[in-house]
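Trainee: To start, I am sharing the structure in question, which I have written as structure tokens.
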Amino acid sequence: MSSPGTSSTLPAAVATTRGTEDFVPRFGLTERLTHWWTVSMVAAALLTGLGLGDESTSGPMLIAHVAAVALIGLGLLTALVVGDTHSLLSATYHLFRFDRRDADWVRAHLPHADRPAAHGEWGMFNPGQKVLAWALTLAVSAVIYTGIVSWGAGGEGGGSGHPAAVIVAMVLVGSHIFMAVVNPSTRPALAGMVRGRVRRSWAAEHHAGWLRDVERRARR
């Protein structure tokens, strides 16, 4: 449901070599564990919510549903307290902050733009990733809020917006999974969240600005 630069726990070298391909460190262990924990708990909350049925006011399915929601926040808090706090906050900052390069992309895509978009000249995250991160955060927040309202009203119309919020959140989660697993141009980014590194050639094509920042810091 996500600050900028590579993890401070990553090695100083800009790239490691495996075979004939160079790899660039992208995410540290804290960022990766936080990401997978959050995705897992959000998915669990959505699925248990769909499976509530007659147990909407009590029962083990409701307990699992509420626990999944609570564990989203607990996981984030734990990562901040015992993990690499600086790297996690840095990645979050870059994910949710729009900068000049994003503004350039918007201007280049306006009607009658005087110059084409600079493909790949993004920082750690591109404009699409940032928009999706904001949308997912707002959608999940809406799901939690409307769910609490519905629960407090005993399920008697007090959370009429809850089903709509759940549908929006599920569509956004599905979009995120599609871009990470299916779409050929963005699928290589998944390696950064699995192994913590990406191919240098891919980074140069899709996140050239971020790669230059990494190389500049390494030279220092």
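For the structure tokens, the naming scheme is as follows: chains receive sequential letters (A, B, ...) according to their order of presentation, residues are indexed from 1 within each chain, and ligands are indexed from 1 in presentation order.
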Just the residues within 12 Å of Gly123 of chain A, please, counting only C-alpha atoms, with nothing from its chain fewer than 3 positions along; format it as number ranges by chain.

Mentor: A: 3-6, 26, 91, 93-102, 119-120, 126-127, 129-130, 203-214

Trainee: Restricting the output to N, CA and C atoms, write the selected residues as a CSV table (one decimal), in the first residue's frame.

Mentor:
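The result, written out as selection_15.csv:
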```
chain,number,residue,atom,x,y,z
A,3,SER,N,10.3,8.0,-1.4
A,3,SER,CA,11.0,7.8,-0.3
A,3,SER,C,12.4,7.5,-0.6
A,4,PRO,N,13.0,7.8,-1.1
A,4,PRO,CA,14.0,7.8,-2.0
A,4,PRO,C,15.5,7.6,-2.1
A,5,GLY,N,15.9,6.5,-2.5
A,5,GLY,CA,17.2,6.1,-2.7
A,5,GLY,C,17.3,4.7,-2.4
A,6,THR,N,18.5,4.1,-2.5
A,6,THR,CA,18.6,2.7,-2.1
A,6,THR,C,18.8,2.6,-0.6
A,26,ARG,N,18.5,-2.4,-5.1
A,26,ARG,CA,17.3,-1.5,-5.2
A,26,ARG,C,16.6,-1.4,-3.9
A,91,ALA,N,12.4,5.3,1.2
A,91,ALA,CA,11.7,4.7,0.1
A,91,ALA,C,10.2,5.2,0.1
A,93,TYR,N,9.2,8.0,1.2
A,93,TYR,CA,9.2,9.4,0.8
A,93,TYR,C,9.2,9.5,-0.7
A,94,HIS,N,10.1,8.7,-1.3
A,94,HIS,CA,10.2,8.8,-2.8
A,94,HIS,C,8.9,8.3,-3.5
A,95,LEU,N,8.3,7.3,-2.8
A,95,LEU,CA,7.1,6.7,-3.4
A,95,LEU,C,5.9,7.7,-3.4
A,96,PHE,N,5.8,8.5,-2.4
A,96,PHE,CA,4.6,9.3,-2.3
A,96,PHE,C,4.9,10.8,-2.6
A,97,ARG,N,6.1,11.1,-3.0
A,97,ARG,CA,6.4,12.5,-3.3
A,97,ARG,C,6.5,12.7,-4.9
A,98,PHE,N,5.8,13.7,-5.4
A,98,PHE,CA,5.9,14.0,-6.8
A,98,PHE,C,7.0,15.1,-6.9
A,99,ASP,N,7.9,14.9,-7.9
A,99,ASP,CA,9.0,15.9,-8.1
A,99,ASP,C,9.0,16.5,-9.5
A,100,ARG,N,10.0,17.3,-9.8
A,100,ARG,CA,10.1,18.0,-11.1
A,100,ARG,C,10.0,17.0,-12.2
A,101,ARG,N,10.6,15.9,-12.1
A,101,ARG,CA,10.6,14.9,-13.3
A,101,ARG,C,9.2,14.4,-13.5
A,102,ASP,N,8.4,14.3,-12.5
A,102,ASP,CA,7.0,13.9,-12.7
A,102,ASP,C,6.2,15.0,-13.4
A,119,HIS,N,11.2,9.3,-21.6
A,119,HIS,CA,10.9,8.0,-21.1
A,119,HIS,C,12.1,7.5,-20.3
A,120,GLY,N,11.7,7.0,-19.1
A,120,GLY,CA,12.7,6.4,-18.2
A,120,GLY,C,13.5,7.3,-17.4
A,126,ASN,N,8.3,5.7,-10.9
A,126,ASN,CA,7.8,6.5,-12.0
A,126,ASN,C,6.4,7.1,-11.6
A,127,PRO,N,5.9,8.0,-12.4
A,127,PRO,CA,4.6,8.6,-12.0
A,127,PRO,C,3.5,7.6,-11.8
A,129,GLN,N,3.6,4.5,-10.8
A,129,GLN,CA,3.8,3.8,-9.5
A,129,GLN,C,3.3,4.7,-8.3
A,130,LYS,N,3.6,6.0,-8.4
A,130,LYS,CA,3.2,6.9,-7.4
A,130,LYS,C,1.7,7.1,-7.3
A,203,ALA,N,17.3,-0.9,-15.2
A,203,ALA,CA,17.3,0.4,-14.4
A,203,ALA,C,17.6,1.6,-15.3
A,204,ALA,N,18.6,1.4,-16.2
A,204,ALA,CA,19.0,2.5,-17.1
A,204,ALA,C,17.9,2.9,-18.0
A,205,GLU,N,17.1,1.9,-18.5
A,205,GLU,CA,16.0,2.2,-19.4
A,205,GLU,C,14.8,2.8,-18.7
A,206,HIS,N,14.4,2.3,-17.5
A,206,HIS,CA,13.2,2.7,-16.9
A,206,HIS,C,13.3,3.7,-15.7
A,207,HIS,N,14.5,3.7,-15.1
A,207,HIS,CA,14.7,4.6,-13.9
A,207,HIS,C,16.1,5.2,-14.0
A,208,ALA,N,16.4,5.9,-15.1
A,208,ALA,CA,17.7,6.4,-15.3
A,208,ALA,C,18.1,7.4,-14.3
A,209,GLY,N,17.2,8.3,-13.9
A,209,GLY,CA,17.4,9.3,-12.9
A,209,GLY,C,17.9,8.7,-11.6
A,210,TRP,N,17.2,7.6,-11.2
A,210,TRP,CA,17.5,7.0,-9.9
A,210,TRP,C,18.9,6.3,-10.0
A,211,LEU,N,19.2,5.7,-11.2
A,211,LEU,CA,20.5,5.0,-11.4
A,211,LEU,C,21.6,6.0,-11.3
A,212,ARG,N,21.4,7.2,-11.9
A,212,ARG,CA,22.5,8.2,-11.8
A,212,ARG,C,22.7,8.7,-10.4
A,213,ASP,N,21.6,8.8,-9.6
A,213,ASP,CA,21.7,9.2,-8.2
A,213,ASP,C,22.5,8.1,-7.4
A,214,VAL,N,22.2,6.8,-7.7
A,214,VAL,CA,22.9,5.8,-7.0
A,214,VAL,C,24.4,5.8,-7.3
```

Trainee: Measuring between only C-alpha atoms, which one of A:Ser150, A:Ser201, A:Ser185, A:Thr34 shows the shortest distance to Leu89 of chain A?

Mentor: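 Of A:Ser150, A:Ser201, A:Ser185, A:Thr34, the one nearest Leu89 of chain A is A:Thr34, counting only C-alpha atoms.
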
Trainee: Which residue gives the smallest distance to Leu29 of chain A among A:Val82, A:His65, A:Ala44, A:Ala133, with only C-alpha atoms counted?

Mentor: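 Looking at the shortest contact to Leu29 of chain A, the residue is A:Val82.
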
Trainee: Just give me the gap between atom CA of Trp105 of chain A and atom CA of Gly196 of chain A in Å, one decimal is fine.

Mentor: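 Separating atom CA of Trp105 of chain A from atom CA of Gly196 of chain A is a distance of 27.2 Å.
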
Trainee: If we count only C-alpha atoms, what is near Leu71 of chain A at a cut-off of 12 Å, once residues fewer than 3 positions away on the same chain are taken out, given as a PyMOL selection string?

Mentor: chain A and resi 34+37-45+63-68+74-79

Trainee: Go ahead and save the picked residues with N, CA and C atoms, as a PDB file, in the first residue's frame.

Mentor:
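Final output, again-v1.pdb:
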```
ATOM      1  N   THR A  34       8.561  -5.492   4.552  1.00  0.00           N
ATOM      2  CA  THR A  34       7.408  -4.625   4.805  1.00  0.00           C
ATOM      3  C   THR A  34       6.425  -4.688   3.649  1.00  0.00           C
ATOM      4  N   TRP A  37       4.680  -8.207   3.640  1.00  0.00           N
ATOM      5  CA  TRP A  37       3.780  -8.311   4.794  1.00  0.00           C
ATOM      6  C   TRP A  37       2.509  -7.510   4.544  1.00  0.00           C
ATOM      7  N   THR A  38       2.672  -6.267   4.074  1.00  0.00           N
ATOM      8  CA  THR A  38       1.513  -5.411   3.833  1.00  0.00           C
ATOM      9  C   THR A  38       0.608  -5.986   2.755  1.00  0.00           C
ATOM     10  N   VAL A  39       1.206  -6.447   1.660  1.00  0.00           N
ATOM     11  CA  VAL A  39       0.413  -7.051   0.584  1.00  0.00           C
ATOM     12  C   VAL A  39      -0.343  -8.277   1.089  1.00  0.00           C
ATOM     13  N   SER A  40       0.331  -9.115   1.870  1.00  0.00           N
ATOM     14  CA  SER A  40      -0.294 -10.335   2.380  1.00  0.00           C
ATOM     15  C   SER A  40      -1.459 -10.021   3.307  1.00  0.00           C
ATOM     16  N   MET A  41      -1.269  -9.054   4.210  1.00  0.00           N
ATOM     17  CA  MET A  41      -2.335  -8.722   5.155  1.00  0.00           C
ATOM     18  C   MET A  41      -3.508  -8.012   4.476  1.00  0.00           C
ATOM     19  N   VAL A  42      -3.217  -7.157   3.494  1.00  0.00           N
ATOM     20  CA  VAL A  42      -4.302  -6.514   2.754  1.00  0.00           C
ATOM     21  C   VAL A  42      -5.117  -7.569   2.006  1.00  0.00           C
ATOM     22  N   ALA A  43      -4.419  -8.518   1.361  1.00  0.00           N
ATOM     23  CA  ALA A  43      -5.114  -9.591   0.649  1.00  0.00           C
ATOM     24  C   ALA A  43      -5.942 -10.439   1.614  1.00  0.00           C
ATOM     25  N   ALA A  44      -5.357 -10.748   2.780  1.00  0.00           N
ATOM     26  CA  ALA A  44      -6.087 -11.544   3.774  1.00  0.00           C
ATOM     27  C   ALA A  44      -7.317 -10.803   4.271  1.00  0.00           C
ATOM     28  N   ALA A  45      -7.192  -9.494   4.493  1.00  0.00           N
ATOM     29  CA  ALA A  45      -8.329  -8.694   4.959  1.00  0.00           C
ATOM     30  C   ALA A  45      -9.446  -8.677   3.911  1.00  0.00           C
ATOM     31  N   ILE A  63     -13.034 -12.585  13.268  1.00  0.00           N
ATOM     32  CA  ILE A  63     -11.803 -12.427  14.053  1.00  0.00           C
ATOM     33  C   ILE A  63     -10.591 -12.393  13.126  1.00  0.00           C
ATOM     34  N   ALA A  64     -10.566 -13.299  12.140  1.00  0.00           N
ATOM     35  CA  ALA A  64      -9.458 -13.320  11.183  1.00  0.00           C
ATOM     36  C   ALA A  64      -9.419 -12.036  10.365  1.00  0.00           C
ATOM     37  N   HIS A  65     -10.604 -11.533  10.013  1.00  0.00           N
ATOM     38  CA  HIS A  65     -10.697 -10.304   9.226  1.00  0.00           C
ATOM     39  C   HIS A  65     -10.147  -9.109  10.003  1.00  0.00           C
ATOM     40  N   VAL A  66     -10.585  -8.967  11.231  1.00  0.00           N
ATOM     41  CA  VAL A  66     -10.128  -7.852  12.069  1.00  0.00           C
ATOM     42  C   VAL A  66      -8.636  -7.984  12.368  1.00  0.00           C
ATOM     43  N   ALA A  67      -8.182  -9.215  12.607  1.00  0.00           N
ATOM     44  CA  ALA A  67      -6.766  -9.433  12.897  1.00  0.00           C
ATOM     45  C   ALA A  67      -5.898  -9.038  11.709  1.00  0.00           C
ATOM     46  N   ALA A  68      -6.335  -9.370  10.495  1.00  0.00           N
ATOM     47  CA  ALA A  68      -5.561  -9.017   9.298  1.00  0.00           C
ATOM     48  C   ALA A  68      -5.428  -7.507   9.174  1.00  0.00           C
ATOM     49  N   LEU A  74       0.400  -3.135  12.600  1.00  0.00           N
ATOM     50  CA  LEU A  74       1.422  -3.681  13.487  1.00  0.00           C
ATOM     51  C   LEU A  74       2.702  -3.990  12.711  1.00  0.00           C
ATOM     52  N   GLY A  75       2.556  -4.501  11.504  1.00  0.00           N
ATOM     53  CA  GLY A  75       3.730  -4.807  10.684  1.00  0.00           C
ATOM     54  C   GLY A  75       4.510  -3.557  10.330  1.00  0.00           C
ATOM     55  N   LEU A  76       3.801  -2.497   9.959  1.00  0.00           N
ATOM     56  CA  LEU A  76       4.472  -1.240   9.631  1.00  0.00           C
ATOM     57  C   LEU A  76       5.195  -0.671  10.850  1.00  0.00           C
ATOM     58  N   LEU A  77       4.539  -0.718  11.999  1.00  0.00           N
ATOM     59  CA  LEU A  77       5.155  -0.201  13.223  1.00  0.00           C
ATOM     60  C   LEU A  77       6.396  -1.005  13.591  1.00  0.00           C
ATOM     61  N   THR A  78       6.304  -2.327  13.470  1.00  0.00           N
ATOM     62  CA  THR A  78       7.449  -3.186  13.793  1.00  0.00           C
ATOM     63  C   THR A  78       8.629  -2.900  12.876  1.00  0.00           C
ATOM     64  N   ALA A  79       8.349  -2.721  11.580  1.00  0.00           N
ATOM     65  CA  ALA A  79       9.416  -2.429  10.626  1.00  0.00           C
ATOM     66  C   ALA A  79      10.118  -1.118  10.967  1.00  0.00           C
TER      67      ALA A  79
END
```

Trainee: At a cut-off of 6 Å, using only C-alpha atoms, what residues contact segment 161-168 of chain A? Leave out same-chain residues fewer than 3 positions from it and give the result as a PyMOL selection string.

Mentor: chain A and resi 143+146-147+171

Trainee: Please produce an output containing C-alpha atoms for each residue in the selection, written as a CSV table (one decimal), in the first residue's frame.

Mentor:
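What ended up in selection-v6.csv:
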```csv
chain,number,residue,atom,x,y,z
A,143,VAL,CA,-12.1,0.2,3.4
A,146,THR,CA,-16.2,2.2,6.3
A,147,GLY,CA,-15.6,-1.2,7.8
A,171,VAL,CA,-9.3,-3.6,-8.6
```
